[in-house]
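Engineer: File input-v5.cif follows (mmCIF, C-alpha atoms (C1' of nucleotides)):
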data_target
#
loop_
_atom_site.group_PDB
_atom_site.id
_atom_site.type_symbol
_atom_site.label_atom_id
_atom_site.label_comp_id
_atom_site.auth_asym_id
_atom_site.auth_seq_id
_atom_site.Cartn_x
_atom_site.Cartn_y
_atom_site.Cartn_z
ATOM 1 C CA MET A 30 -82.320 44.903 -105.056
ATOM 2 C CA SER A 31 -84.707 46.555 -107.394
ATOM 3 C CA MET A 32 -85.851 45.591 -110.841
ATOM 4 C CA ARG A 33 -86.090 49.039 -112.313
ATOM 5 C CA GLY A 34 -82.449 49.649 -112.910
ATOM 6 C CA GLU A 35 -82.047 46.237 -114.362
ATOM 7 C CA LYS A 36 -84.517 47.025 -117.057
ATOM 8 C CA ASN A 37 -82.551 50.065 -118.109
ATOM 9 C CA GLN A 38 -79.378 48.059 -118.005
ATOM 10 C CA ALA A 39 -80.900 45.360 -120.167
ATOM 11 C CA GLU A 40 -82.071 47.866 -122.737
ATOM 12 C CA VAL A 41 -78.728 49.625 -122.793
ATOM 13 C CA LEU A 42 -76.967 46.312 -123.175
ATOM 14 C CA ALA A 43 -79.292 45.235 -125.966
ATOM 15 C CA ILE A 44 -78.530 48.430 -127.859
ATOM 16 C CA MET A 45 -74.824 47.951 -127.397
ATOM 17 C CA ARG A 46 -75.005 44.373 -128.601
ATOM 18 C CA MET A 47 -76.703 45.450 -131.782
ATOM 19 C CA SER A 48 -73.839 47.783 -132.587
ATOM 20 C CA ARG A 49 -70.794 46.524 -134.417
ATOM 21 C CA GLY A 50 -68.493 48.990 -132.694
ATOM 22 C CA PRO A 51 -68.188 51.031 -129.544
ATOM 23 C CA LEU A 52 -70.812 53.632 -128.751
ATOM 24 C CA SER A 53 -70.575 56.846 -126.839
ATOM 25 C CA ALA A 54 -72.963 57.395 -123.972
ATOM 26 C CA TYR A 55 -74.815 59.966 -126.019
ATOM 27 C CA GLU A 56 -75.159 57.653 -128.975
ATOM 28 C CA ILE A 57 -76.754 55.123 -126.664
ATOM 29 C CA LEU A 58 -78.939 57.854 -125.278
ATOM 30 C CA GLU A 59 -80.121 58.801 -128.728
ATOM 31 C CA LYS A 60 -81.025 55.222 -129.589
ATOM 32 C CA LEU A 61 -82.738 54.596 -126.301
ATOM 33 C CA ARG A 62 -84.801 57.736 -126.758
ATOM 34 C CA LYS A 63 -86.559 56.179 -129.713
ATOM 35 C CA ALA A 64 -88.323 53.952 -127.225
ATOM 36 C CA HIS A 65 -88.163 56.251 -124.198
ATOM 37 C CA PRO A 66 -88.056 59.849 -125.367
ATOM 38 C CA LYS A 67 -87.620 61.361 -121.941
ATOM 39 C CA ILE A 68 -84.587 59.462 -120.834
ATOM 40 C CA ALA A 69 -81.707 61.612 -119.588
ATOM 41 C CA PRO A 70 -77.894 61.238 -119.467
ATOM 42 C CA PRO A 71 -77.647 60.158 -115.815
ATOM 43 C CA THR A 72 -79.846 57.140 -116.533
ATOM 44 C CA ILE A 73 -77.453 56.003 -119.224
ATOM 45 C CA TYR A 74 -74.400 56.657 -117.135
ATOM 46 C CA ARG A 75 -75.866 54.754 -114.202
ATOM 47 C CA ALA A 76 -76.667 51.796 -116.389
ATOM 48 C CA LEU A 77 -73.195 51.919 -117.915
ATOM 49 C CA ALA A 78 -71.592 52.122 -114.494
ATOM 50 C CA ALA A 79 -73.471 49.042 -113.329
ATOM 51 C CA LEU A 80 -72.745 47.122 -116.517
ATOM 52 C CA THR A 81 -69.092 48.080 -116.448
ATOM 53 C CA GLU A 82 -68.862 47.160 -112.798
ATOM 54 C CA CYS A 83 -70.030 43.609 -113.437
ATOM 55 C CA GLY A 84 -67.898 43.185 -116.541
ATOM 56 C CA ARG A 85 -70.616 43.015 -119.154
ATOM 57 C CA VAL A 86 -69.528 46.277 -120.685
ATOM 58 C CA HIS A 87 -66.060 47.613 -121.328
ATOM 59 C CA ARG A 88 -65.253 51.253 -121.194
ATOM 60 C CA LEU A 89 -62.754 52.423 -123.783
ATOM 61 C CA GLU A 90 -60.859 55.134 -121.978
ATOM 62 C CA SER A 91 -59.020 56.327 -125.023
ATOM 63 C CA LEU A 92 -62.253 56.786 -126.977
ATOM 64 C CA ASN A 93 -64.657 57.869 -124.267
ATOM 65 C CA ALA A 94 -66.887 55.107 -125.453
ATOM 66 C CA PHE A 95 -68.374 51.794 -124.385
ATOM 67 C CA MET A 96 -68.916 48.377 -125.836
ATOM 68 C CA ALA A 97 -70.648 45.189 -124.777
ATOM 69 C CA CYS A 98 -68.284 42.433 -123.799
ATOM 70 C CA LYS A 99 -68.227 40.033 -126.711
ATOM 71 C CA ARG A 100 -67.868 37.060 -124.445
ATOM 72 C CA GLY A 101 -70.796 38.006 -122.294
ATOM 73 C CA ARG A 102 -68.767 39.040 -119.350
ATOM 74 C CA HIS A 103 -65.176 39.425 -118.295
ATOM 75 C CA GLN A 104 -64.189 38.989 -114.739
ATOM 76 C CA HIS A 105 -60.752 40.417 -115.306
ATOM 77 C CA ASP A 106 -59.306 43.410 -117.048
ATOM 78 C CA SER A 107 -59.171 42.896 -120.753
ATOM 79 C CA ILE A 108 -56.762 43.914 -123.442
ATOM 80 C CA LEU A 109 -58.490 45.820 -126.179
ATOM 81 C CA SER A 110 -57.211 46.393 -129.676
ATOM 82 C CA ILE A 111 -58.877 49.218 -131.498
ATOM 83 C CA CYS A 112 -58.727 49.658 -135.245
ATOM 84 C CA ASP A 113 -58.334 53.365 -135.914
ATOM 85 C CA ASP A 114 -59.648 52.856 -139.415
ATOM 86 C CA CYS A 115 -62.873 50.866 -139.063
ATOM 87 C CA GLY A 116 -63.429 51.162 -135.337
ATOM 88 C CA THR A 117 -63.556 47.448 -134.696
ATOM 89 C CA VAL A 118 -62.428 46.381 -131.260
ATOM 90 C CA GLU A 119 -61.037 42.992 -130.335
ATOM 91 C CA GLU A 120 -60.881 41.717 -126.785
ATOM 92 C CA ASN A 121 -58.099 39.614 -125.382
ATOM 93 C CA VAL A 122 -57.566 38.153 -121.980
ATOM 94 C CA ASP A 123 -54.077 37.254 -120.878
ATOM 95 C CA SER A 124 -53.611 36.948 -117.181
ATOM 96 C CA GLU A 125 -49.947 36.135 -117.611
ATOM 97 C CA LEU A 126 -49.259 39.417 -119.335
ATOM 98 C CA LEU A 127 -51.251 41.181 -116.655
ATOM 99 C CA GLU A 128 -49.091 39.454 -114.087
ATOM 100 C CA GLU A 129 -45.925 40.623 -115.741
ATOM 101 C CA LEU A 130 -47.243 44.109 -115.934
ATOM 102 C CA SER A 131 -48.216 44.034 -112.288
ATOM 103 C CA SER A 132 -44.860 42.740 -111.240
ATOM 104 C CA LEU A 133 -43.004 45.335 -113.285
ATOM 105 C CA ILE A 134 -44.964 48.082 -111.670
ATOM 106 C CA GLY A 135 -44.954 46.386 -108.291
ATOM 107 C CA LYS A 136 -41.190 46.785 -108.007
ATOM 108 C CA SER A 137 -41.675 50.261 -106.613
ATOM 109 C CA GLY A 138 -44.269 49.025 -104.142
ATOM 110 C CA PHE A 139 -47.226 49.981 -106.275
ATOM 111 C CA LYS A 140 -50.322 47.844 -105.779
ATOM 112 C CA PRO A 141 -52.241 47.500 -109.043
ATOM 113 C CA LYS A 142 -56.005 47.407 -108.928
ATOM 114 C CA ARG A 143 -57.205 48.020 -112.446
ATOM 115 C CA HIS A 144 -55.398 47.720 -115.751
ATOM 116 C CA VAL A 145 -56.250 49.895 -118.719
ATOM 117 C CA ILE A 146 -54.690 48.382 -121.812
ATOM 118 C CA GLU A 147 -55.807 49.713 -125.151
ATOM 119 C CA VAL A 148 -53.810 49.221 -128.292
ATOM 120 C CA HIS A 149 -54.506 51.407 -131.282
ATOM 121 C CA GLY A 150 -53.595 50.392 -134.787
ATOM 122 C CA LEU A 151 -55.022 48.727 -137.836
ATOM 123 C CA CYS A 152 -56.955 45.488 -137.949
ATOM 124 C CA ALA A 153 -56.116 42.727 -140.394
ATOM 125 C CA SER A 154 -58.605 43.772 -143.029
ATOM 126 C CA CYS A 155 -57.882 47.492 -142.866
ATOM 127 C CA ARG A 156 -54.183 46.850 -143.154
ATOM 128 C CA SER A 157 -54.481 45.662 -146.706
ATOM 129 C CA MET B 20 -40.329 75.945 -138.988
ATOM 130 C CA SER B 21 -41.425 78.800 -136.830
ATOM 131 C CA MET B 22 -40.569 79.849 -133.331
ATOM 132 C CA ARG B 23 -43.978 81.089 -132.416
ATOM 133 C CA GLY B 24 -45.646 77.919 -131.270
ATOM 134 C CA GLU B 25 -42.622 76.896 -129.355
ATOM 135 C CA LYS B 26 -43.090 79.704 -126.914
ATOM 136 C CA ASN B 27 -46.551 78.506 -125.926
ATOM 137 C CA GLN B 28 -45.280 74.995 -125.704
ATOM 138 C CA ALA B 29 -42.447 76.062 -123.461
ATOM 139 C CA GLU B 30 -44.767 77.894 -121.126
ATOM 140 C CA VAL B 31 -47.191 75.005 -120.990
ATOM 141 C CA LEU B 32 -44.363 72.610 -120.327
ATOM 142 C CA ALA B 33 -42.939 74.819 -117.592
ATOM 143 C CA ILE B 34 -46.315 74.878 -115.846
ATOM 144 C CA MET B 35 -46.609 71.135 -116.091
ATOM 145 C CA ARG B 36 -43.137 70.620 -114.688
ATOM 146 C CA MET B 37 -43.981 72.696 -111.655
ATOM 147 C CA SER B 38 -46.904 70.433 -110.853
ATOM 148 C CA ARG B 39 -46.415 67.283 -108.812
ATOM 149 C CA GLY B 40 -49.211 65.474 -110.570
ATOM 150 C CA PRO B 41 -51.146 65.417 -113.799
ATOM 151 C CA LEU B 42 -53.072 68.496 -114.845
ATOM 152 C CA SER B 43 -56.187 68.849 -116.920
ATOM 153 C CA ALA B 44 -56.055 71.123 -119.927
ATOM 154 C CA TYR B 45 -58.254 73.585 -118.100
ATOM 155 C CA GLU B 46 -56.038 73.620 -115.050
ATOM 156 C CA ILE B 47 -53.147 74.513 -117.301
ATOM 157 C CA LEU B 48 -55.297 77.123 -118.963
ATOM 158 C CA GLU B 49 -56.123 78.687 -115.633
ATOM 159 C CA LYS B 50 -52.478 78.873 -114.639
ATOM 160 C CA LEU B 51 -51.372 80.217 -117.977
ATOM 161 C CA ARG B 52 -54.031 82.899 -117.798
ATOM 162 C CA LYS B 53 -52.254 84.465 -114.857
ATOM 163 C CA ALA B 54 -49.596 85.566 -117.314
ATOM 164 C CA HIS B 55 -51.737 85.704 -120.456
ATOM 165 C CA PRO B 56 -55.321 86.405 -119.469
ATOM 166 C CA LYS B 57 -56.754 86.098 -122.932
ATOM 167 C CA ILE B 58 -55.488 82.667 -123.785
ATOM 168 C CA ALA B 59 -58.143 80.221 -125.024
ATOM 169 C CA PRO B 60 -58.563 76.432 -124.903
ATOM 170 C CA PRO B 61 -57.392 75.699 -128.452
ATOM 171 C CA THR B 62 -54.031 77.277 -127.698
ATOM 172 C CA ILE B 63 -53.527 74.899 -124.808
ATOM 173 C CA TYR B 64 -54.725 71.904 -126.762
ATOM 174 C CA ARG B 65 -52.435 72.739 -129.650
ATOM 175 C CA ALA B 66 -49.458 73.058 -127.364
ATOM 176 C CA LEU B 67 -50.372 69.790 -125.669
ATOM 177 C CA ALA B 68 -50.763 68.048 -129.004
ATOM 178 C CA ALA B 69 -47.309 69.153 -130.103
ATOM 179 C CA LEU B 70 -45.735 68.232 -126.779
ATOM 180 C CA THR B 71 -47.442 64.866 -126.719
ATOM 181 C CA GLU B 72 -46.422 64.234 -130.287
ATOM 182 C CA CYS B 73 -42.757 64.641 -129.525
ATOM 183 C CA GLY B 74 -42.924 62.663 -126.292
ATOM 184 C CA ARG B 75 -42.302 65.464 -123.812
ATOM 185 C CA VAL B 76 -45.790 65.173 -122.404
ATOM 186 C CA HIS B 77 -47.870 62.115 -121.663
ATOM 187 C CA ARG B 78 -51.575 62.085 -121.984
ATOM 188 C CA LEU B 79 -53.407 60.083 -119.360
ATOM 189 C CA GLU B 80 -56.370 58.707 -121.230
ATOM 190 C CA SER B 81 -58.076 57.336 -118.179
ATOM 191 C CA LEU B 82 -57.908 60.693 -116.392
ATOM 192 C CA ASN B 83 -58.322 63.092 -119.267
ATOM 193 C CA ALA B 84 -55.204 64.783 -118.036
ATOM 194 C CA PHE B 85 -51.605 65.457 -118.979
ATOM 195 C CA MET B 86 -48.211 65.329 -117.352
ATOM 196 C CA ALA B 87 -44.695 66.289 -118.317
ATOM 197 C CA CYS B 88 -42.466 63.323 -119.030
ATOM 198 C CA LYS B 89 -40.290 62.908 -115.973
ATOM 199 C CA ARG B 90 -37.352 61.809 -118.060
ATOM 200 C CA GLY B 91 -37.547 64.745 -120.385
ATOM 201 C CA ARG B 92 -38.856 62.812 -123.277
ATOM 202 C CA HIS B 93 -39.956 59.319 -124.196
ATOM 203 C CA GLN B 94 -39.611 58.080 -127.671
ATOM 204 C CA HIS B 95 -41.789 55.066 -127.028
ATOM 205 C CA ASP B 96 -45.097 54.405 -125.404
ATOM 206 C CA SER B 97 -44.793 54.334 -121.675
ATOM 207 C CA ILE B 98 -46.445 52.376 -118.956
ATOM 208 C CA LEU B 99 -48.034 54.628 -116.401
ATOM 209 C CA SER B 100 -49.034 53.701 -112.894
ATOM 210 C CA ILE B 101 -51.493 56.036 -111.308
ATOM 211 C CA CYS B 102 -52.122 56.193 -107.585
ATOM 212 C CA ASP B 103 -55.851 56.656 -107.110
ATOM 213 C CA ASP B 104 -55.211 58.011 -103.642
ATOM 214 C CA CYS B 105 -52.558 60.708 -104.026
ATOM 215 C CA GLY B 106 -52.571 61.111 -107.791
ATOM 216 C CA THR B 107 -48.893 60.380 -108.222
ATOM 217 C CA VAL B 108 -47.946 58.872 -111.544
ATOM 218 C CA GLU B 109 -44.901 56.725 -112.222
ATOM 219 C CA GLU B 110 -43.523 56.099 -115.663
ATOM 220 C CA ASN B 111 -42.037 52.843 -116.837
ATOM 221 C CA VAL B 112 -40.581 51.837 -120.137
ATOM 222 C CA ASP B 113 -40.418 48.183 -121.023
ATOM 223 C CA SER B 114 -40.075 47.443 -124.680
ATOM 224 C CA GLU B 115 -40.113 43.723 -124.031
ATOM 225 C CA LEU B 116 -43.527 43.866 -122.471
ATOM 226 C CA LEU B 117 -44.701 46.041 -125.332
ATOM 227 C CA GLU B 118 -43.382 43.428 -127.713
ATOM 228 C CA GLU B 119 -45.281 40.687 -125.964
ATOM 229 C CA LEU B 120 -48.413 42.734 -126.023
ATOM 230 C CA SER B 121 -47.956 43.470 -129.702
ATOM 231 C CA SER B 122 -47.387 39.854 -130.524
ATOM 232 C CA LEU B 123 -50.406 38.711 -128.542
ATOM 233 C CA ILE B 124 -52.595 41.150 -130.401
ATOM 234 C CA GLY B 125 -50.796 40.577 -133.675
ATOM 235 C CA LYS B 126 -52.004 36.985 -133.815
ATOM 236 C CA SER B 127 -55.228 38.136 -135.412
ATOM 237 C CA GLY B 128 -53.327 40.251 -137.928
ATOM 238 C CA PHE B 129 -53.705 43.459 -135.999
ATOM 239 C CA LYS B 130 -50.916 45.968 -136.526
ATOM 240 C CA PRO B 131 -50.296 47.953 -133.308
ATOM 241 C CA LYS B 132 -49.380 51.589 -133.590
ATOM 242 C CA ARG B 133 -49.864 53.085 -130.158
ATOM 243 C CA HIS B 134 -50.122 51.442 -126.772
ATOM 244 C CA VAL B 135 -52.160 52.918 -123.968
ATOM 245 C CA ILE B 136 -51.167 51.243 -120.738
ATOM 246 C CA GLU B 137 -52.361 52.795 -117.529
ATOM 247 C CA VAL B 138 -52.468 50.924 -114.280
ATOM 248 C CA HIS B 139 -54.580 52.244 -111.455
ATOM 249 C CA GLY B 140 -53.935 51.320 -107.871
ATOM 250 C CA LEU B 141 -52.137 52.516 -104.789
ATOM 251 C CA CYS B 142 -48.560 53.696 -104.600
ATOM 252 C CA ALA B 143 -46.185 52.401 -101.965
ATOM 253 C CA SER B 144 -46.751 55.195 -99.491
ATOM 254 C CA CYS B 145 -50.529 55.314 -99.836
ATOM 255 C CA ARG B 146 -50.726 51.593 -99.342
ATOM 256 C CA SER B 147 -49.634 51.791 -95.743
ATOM 257 C "C1'" DT C 26 -91.474 55.952 -92.104
ATOM 258 C "C1'" DT C 27 -86.888 55.338 -93.292
ATOM 259 C "C1'" DT C 28 -83.897 53.955 -96.797
ATOM 260 C "C1'" DT C 29 -82.720 53.208 -101.364
ATOM 261 C "C1'" DT C 30 -83.354 53.718 -106.113
ATOM 262 C "C1'" DT C 31 -84.691 56.317 -110.001
ATOM 263 C "C1'" DG C 32 -86.016 60.530 -112.466
ATOM 264 C "C1'" DT C 33 -85.131 65.296 -113.569
ATOM 265 C "C1'" DT C 34 -82.979 69.633 -114.053
ATOM 266 C "C1'" DA C 35 -79.217 72.008 -114.293
ATOM 267 C "C1'" DT C 36 -74.578 72.536 -114.730
ATOM 268 C "C1'" DG C 37 -69.754 71.320 -114.888
ATOM 269 C "C1'" DT C 38 -65.909 69.645 -117.674
ATOM 270 C "C1'" DT C 39 -63.340 68.390 -121.711
ATOM 271 C "C1'" DA C 40 -62.463 69.092 -126.558
ATOM 272 C "C1'" DT C 41 -62.766 70.808 -131.209
ATOM 273 C "C1'" DA C 42 -64.955 73.018 -135.448
ATOM 274 C "C1'" DA C 43 -64.903 76.992 -137.996
ATOM 275 C "C1'" DC C 44 -63.342 81.044 -139.180
ATOM 276 C "C1'" DA C 45 -60.361 85.365 -138.778
ATOM 277 C "C1'" DT C 46 -55.958 87.251 -138.313
ATOM 278 C "C1'" DA C 47 -51.050 87.605 -137.642
ATOM 279 C "C1'" DA C 48 -46.404 86.484 -138.682
ATOM 280 C "C1'" DC C 49 -43.174 85.324 -141.563
ATOM 281 C "C1'" DA C 50 -41.301 83.475 -146.153
ATOM 282 C "C1'" DT C 51 -41.291 83.682 -151.098
ATOM 283 C "C1'" DT C 52 -41.988 85.594 -155.386
ATOM 284 C "C1'" DT C 53 -42.882 89.300 -158.427
ATOM 285 C "C1'" DT C 54 -42.763 93.938 -159.796
ATOM 286 C "C1'" DT C 55 -40.673 98.332 -159.857
ATOM 287 C "C1'" DA D 22 -32.195 96.060 -154.061
ATOM 288 C "C1'" DA D 23 -36.684 97.893 -152.216
ATOM 289 C "C1'" DA D 24 -41.508 97.526 -152.186
ATOM 290 C "C1'" DA D 25 -45.633 95.153 -152.999
ATOM 291 C "C1'" DA D 26 -48.213 91.041 -153.642
ATOM 292 C "C1'" DT D 27 -48.875 86.355 -152.577
ATOM 293 C "C1'" DG D 28 -48.467 81.971 -150.203
ATOM 294 C "C1'" DT D 29 -48.062 79.386 -146.102
ATOM 295 C "C1'" DT D 30 -48.314 78.215 -141.483
ATOM 296 C "C1'" DA D 31 -49.283 79.384 -136.723
ATOM 297 C "C1'" DT D 32 -52.199 81.620 -133.665
ATOM 298 C "C1'" DG D 33 -56.274 83.895 -131.877
ATOM 299 C "C1'" DT D 34 -61.236 83.924 -131.253
ATOM 300 C "C1'" DT D 35 -65.920 82.582 -130.980
ATOM 301 C "C1'" DA D 36 -68.956 79.341 -130.547
ATOM 302 C "C1'" DT D 37 -70.422 74.945 -129.726
ATOM 303 C "C1'" DA D 38 -70.006 69.943 -129.575
ATOM 304 C "C1'" DA D 39 -69.290 66.085 -126.686
ATOM 305 C "C1'" DC D 40 -68.783 63.884 -122.285
ATOM 306 C "C1'" DA D 41 -70.072 63.546 -117.395
ATOM 307 C "C1'" DT D 42 -71.998 64.413 -112.842
ATOM 308 C "C1'" DA D 43 -74.011 67.242 -108.808
ATOM 309 C "C1'" DA D 44 -78.038 68.109 -106.545
ATOM 310 C "C1'" DC D 45 -82.331 67.506 -105.476
ATOM 311 C "C1'" DA D 46 -87.321 65.630 -106.195
ATOM 312 C "C1'" DA D 47 -90.242 61.717 -106.642
ATOM 313 C "C1'" DA D 48 -91.250 57.018 -106.283
ATOM 314 C "C1'" DA D 49 -90.610 52.405 -104.723
ATOM 315 C "C1'" DA D 50 -89.003 49.058 -101.509
ATOM 316 C "C1'" DA D 51 -87.876 47.625 -96.953
#
Could you write out this structure as structure tokens?

Structural biologist:
Amino acid sequence: MSMRGEKNQAEVLAIMRMSRGPLSAYEILEKLRKAHPKIAPPTIYRALAALTECGRVHRLESLNAFMACKRGRHQHDSILSICDDCGTVEENVDSELLEELSSLIGKSGFKPKRHVIEVHGLCASCRS
Amino acid sequence: MSMRGEKNQAEVLAIMRMSRGPLSAYEILEKLRKAHPKIAPPTIYRALAALTECGRVHRLESLNAFMACKRGRHQHDSILSICDDCGTVEENVDSELLEELSSLIGKSGFKPKRHVIEVHGLCASCRS
DNA sequence: TTTTTTGTTATGTTATAACATAACATTTTT
DNA sequence: AAAAATGTTATGTTATAACATAACAAAAAA
């Protein structure tokens, strides 16, 4: 295993952790270019793929964006609630709910591998 | 209310119903261009927005694709299982599970509006 | 040196902004 | 009432923004 990729991943992760909300790949790119002007999209996407793979970053499918896992790392699929007003995302883990979902879907013989659960709405403070 | 948009929507929907799996907007565009060569992306996206709005079409956020609702129309958010092997998508409706999800997320004061639930895996026949 | 990782260029894919026009409805004028 | 003007909404059109990856070159590690 090499160290080079890990450096990119660490920098990408650091940028994401400084952000209060999700970032698009190109937003990350822009920020990273302040330090490394020549960096290109594939570098970001590779870093994001690795970070997503190991659970340190969540991809928000319904936003085409990414965020650092607030708990450091999630081994399992997480349940994300996305405030459509302020952009804040909360993470929840609930393996029981995932189980129920799997068993509902499993009735037809389907074998679940990855759960995408993203709930859009308004967070507590934006509701008022 | 006009009739004009409804014609595009009907054609888009007809194309989607002829497909066994989800289609990207550009795949629909390509098909529609056989009849209407000059049609442009916004026309497709507008039709898809209207059809999604009224529940006749589901958007698959994790695929950036669309499919006709197999039951004609869903009033509520549906639970989609996507076979990563053959591309088949199954629809499920389970308002109880949606309730549980809402209440889990609602603990923090979050007010859910739209649920994106997409489960990736293998369908019964691809599993064997 | 062979393999693997990373960098680089180019391009593919998805989606929408911005503006122009068309279609039809409504009101006003004649 | 018929014709003209105006408003309103849908659609067409161009261009471009935004997201993502293929393909290959270069460098590093094994």

Engineer: May I have the residues within 10 Å of D:DA43 as a PyMOL selection string, using all atoms listed in the file and disregarding those fewer than 2 positions away in the same chain?

Structural biologist: (chain C and resi 35-37) or (chain D and resi 45)

Engineer: Convert the output of the PyMOL selection byres ((chain D) within 10 of (chain A)) on the shown file into explicit residues, formatted as a count of residues only.

Structural biologist: 6

Engineer: With a distance threshold of 6 Å and counting only C-alpha atoms, extract the residues of chain A near chain B and express them as a list in words.

Structural biologist: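 Written out as asked, the residues are Glu90, Ser91, Gly138, Phe139, Lys140, Pro141, Lys142, Arg143, His144, Val145, Ile146, Glu147, Val148, His149, Gly150, Leu151, Cys152 and Ala153 of chain A.
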
Engineer: Can you provide chain B as a compact mmCIF listing (two decimals) with C-alpha atoms, keeping the file's coordinate frame, superposed onto chain A by least squares across all C-alpha atoms matched in order?

Structural biologist:
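Writing done, so here's out.txt:
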# COMPACT_ATOMS: atom_id res chain seq x y z
CA MET B 20 -82.05 44.26 -104.60
CA SER B 21 -84.49 45.82 -106.97
CA MET B 22 -85.53 45.01 -110.48
CA ARG B 23 -85.94 48.55 -111.63
CA GLY B 24 -82.43 49.42 -112.66
CA GLU B 25 -82.01 46.14 -114.36
CA LYS B 26 -84.52 47.06 -116.99
CA ASN B 27 -82.54 50.11 -118.06
CA GLN B 28 -79.39 48.10 -118.01
CA ALA B 29 -80.95 45.44 -120.18
CA GLU B 30 -82.11 47.96 -122.73
CA VAL B 31 -78.75 49.69 -122.80
CA LEU B 32 -77.01 46.37 -123.19
CA ALA B 33 -79.34 45.31 -125.98
CA ILE B 34 -78.57 48.51 -127.88
CA MET B 35 -74.87 47.99 -127.43
CA ARG B 36 -75.07 44.42 -128.64
CA MET B 37 -76.76 45.51 -131.82
CA SER B 38 -73.87 47.82 -132.62
CA ARG B 39 -70.81 46.54 -134.45
CA GLY B 40 -68.52 48.98 -132.71
CA PRO B 41 -68.19 51.04 -129.58
CA LEU B 42 -70.82 53.64 -128.81
CA SER B 43 -70.58 56.88 -126.91
CA ALA B 44 -72.97 57.42 -124.04
CA TYR B 45 -74.79 59.99 -126.11
CA GLU B 46 -75.17 57.66 -129.05
CA ILE B 47 -76.78 55.17 -126.73
CA LEU B 48 -78.93 57.93 -125.33
CA GLU B 49 -80.11 58.88 -128.78
CA LYS B 50 -81.05 55.31 -129.61
CA LEU B 51 -82.76 54.72 -126.31
CA ARG B 52 -84.78 57.88 -126.78
CA LYS B 53 -86.56 56.32 -129.72
CA ALA B 54 -88.33 54.11 -127.21
CA HIS B 55 -88.15 56.41 -124.19
CA PRO B 56 -87.99 60.00 -125.38
CA LYS B 57 -87.55 61.53 -121.97
CA ILE B 58 -84.52 59.60 -120.86
CA ALA B 59 -81.62 61.73 -119.60
CA PRO B 60 -77.83 61.31 -119.51
CA PRO B 61 -77.54 60.21 -115.88
CA THR B 62 -79.78 57.24 -116.57
CA ILE B 63 -77.44 56.06 -119.28
CA TYR B 64 -74.35 56.69 -117.21
CA ARG B 65 -75.81 54.81 -114.27
CA ALA B 66 -76.67 51.84 -116.44
CA LEU B 67 -73.20 51.93 -117.97
CA ALA B 68 -71.58 52.12 -114.56
CA ALA B 69 -73.47 49.06 -113.37
CA LEU B 70 -72.76 47.13 -116.56
CA THR B 71 -69.10 48.06 -116.49
CA GLU B 72 -68.88 47.14 -112.85
CA CYS B 73 -70.05 43.61 -113.47
CA GLY B 74 -67.93 43.16 -116.58
CA ARG B 75 -70.67 43.01 -119.19
CA VAL B 76 -69.55 46.27 -120.74
CA HIS B 77 -66.08 47.59 -121.39
CA ARG B 78 -65.25 51.21 -121.24
CA LEU B 79 -62.77 52.40 -123.82
CA GLU B 80 -60.86 55.10 -122.01
CA SER B 81 -59.00 56.29 -125.05
CA LEU B 82 -62.23 56.75 -127.02
CA ASN B 83 -64.61 57.84 -124.32
CA ALA B 84 -66.89 55.10 -125.51
CA PHE B 85 -68.38 51.80 -124.44
CA MET B 86 -68.93 48.37 -125.90
CA ALA B 87 -70.68 45.21 -124.83
CA CYS B 88 -68.32 42.43 -123.84
CA LYS B 89 -68.25 40.04 -126.76
CA ARG B 90 -67.92 37.06 -124.48
CA GLY B 91 -70.85 38.03 -122.34
CA ARG B 92 -68.82 39.05 -119.41
CA HIS B 93 -65.22 39.41 -118.33
CA GLN B 94 -64.26 39.01 -114.78
CA HIS B 95 -60.81 40.44 -115.34
CA ASP B 96 -59.36 43.42 -117.07
CA SER B 97 -59.18 42.90 -120.77
CA ILE B 98 -56.77 43.92 -123.44
CA LEU B 99 -58.49 45.81 -126.19
CA SER B 100 -57.20 46.38 -129.68
CA ILE B 101 -58.86 49.19 -131.52
CA CYS B 102 -58.69 49.62 -135.27
CA ASP B 103 -58.30 53.33 -135.94
CA ASP B 104 -59.59 52.80 -139.45
CA CYS B 105 -62.82 50.82 -139.11
CA GLY B 106 -63.39 51.14 -135.38
CA THR B 107 -63.51 47.42 -134.74
CA VAL B 108 -62.41 46.36 -131.29
CA GLU B 109 -61.02 42.97 -130.34
CA GLU B 110 -60.88 41.69 -126.81
CA ASN B 111 -58.10 39.60 -125.38
CA VAL B 112 -57.60 38.16 -121.96
CA ASP B 113 -54.12 37.26 -120.85
CA SER B 114 -53.65 36.98 -117.14
CA GLU B 115 -49.98 36.17 -117.57
CA LEU B 116 -49.30 39.43 -119.29
CA LEU B 117 -51.29 41.22 -116.62
CA GLU B 118 -49.16 39.50 -114.03
CA GLU B 119 -45.98 40.65 -115.70
CA LEU B 120 -47.29 44.15 -115.90
CA SER B 121 -48.28 44.08 -112.26
CA SER B 122 -44.93 42.79 -111.20
CA LEU B 123 -43.05 45.37 -113.24
CA ILE B 124 -45.04 48.14 -111.64
CA GLY B 125 -45.03 46.45 -108.25
CA LYS B 126 -41.27 46.86 -107.96
CA SER B 127 -41.76 50.34 -106.58
CA GLY B 128 -44.36 49.09 -104.11
CA PHE B 129 -47.31 50.05 -106.24
CA LYS B 130 -50.40 47.91 -105.74
CA PRO B 131 -52.31 47.55 -109.04
CA LYS B 132 -56.07 47.46 -108.93
CA ARG B 133 -57.25 48.06 -112.47
CA HIS B 134 -55.43 47.76 -115.76
CA VAL B 135 -56.28 49.90 -118.74
CA ILE B 136 -54.72 48.38 -121.81
CA GLU B 137 -55.81 49.69 -125.16
CA VAL B 138 -53.81 49.20 -128.29
CA HIS B 139 -54.49 51.38 -131.29
CA GLY B 140 -53.56 50.34 -134.77
CA LEU B 141 -54.97 48.67 -137.84
CA CYS B 142 -56.90 45.43 -137.93
CA ALA B 143 -56.03 42.68 -140.37
CA SER B 144 -58.51 43.70 -143.03
CA CYS B 145 -57.81 47.43 -142.87
CA ARG B 146 -54.12 46.78 -143.15
CA SER B 147 -54.38 45.55 -146.70
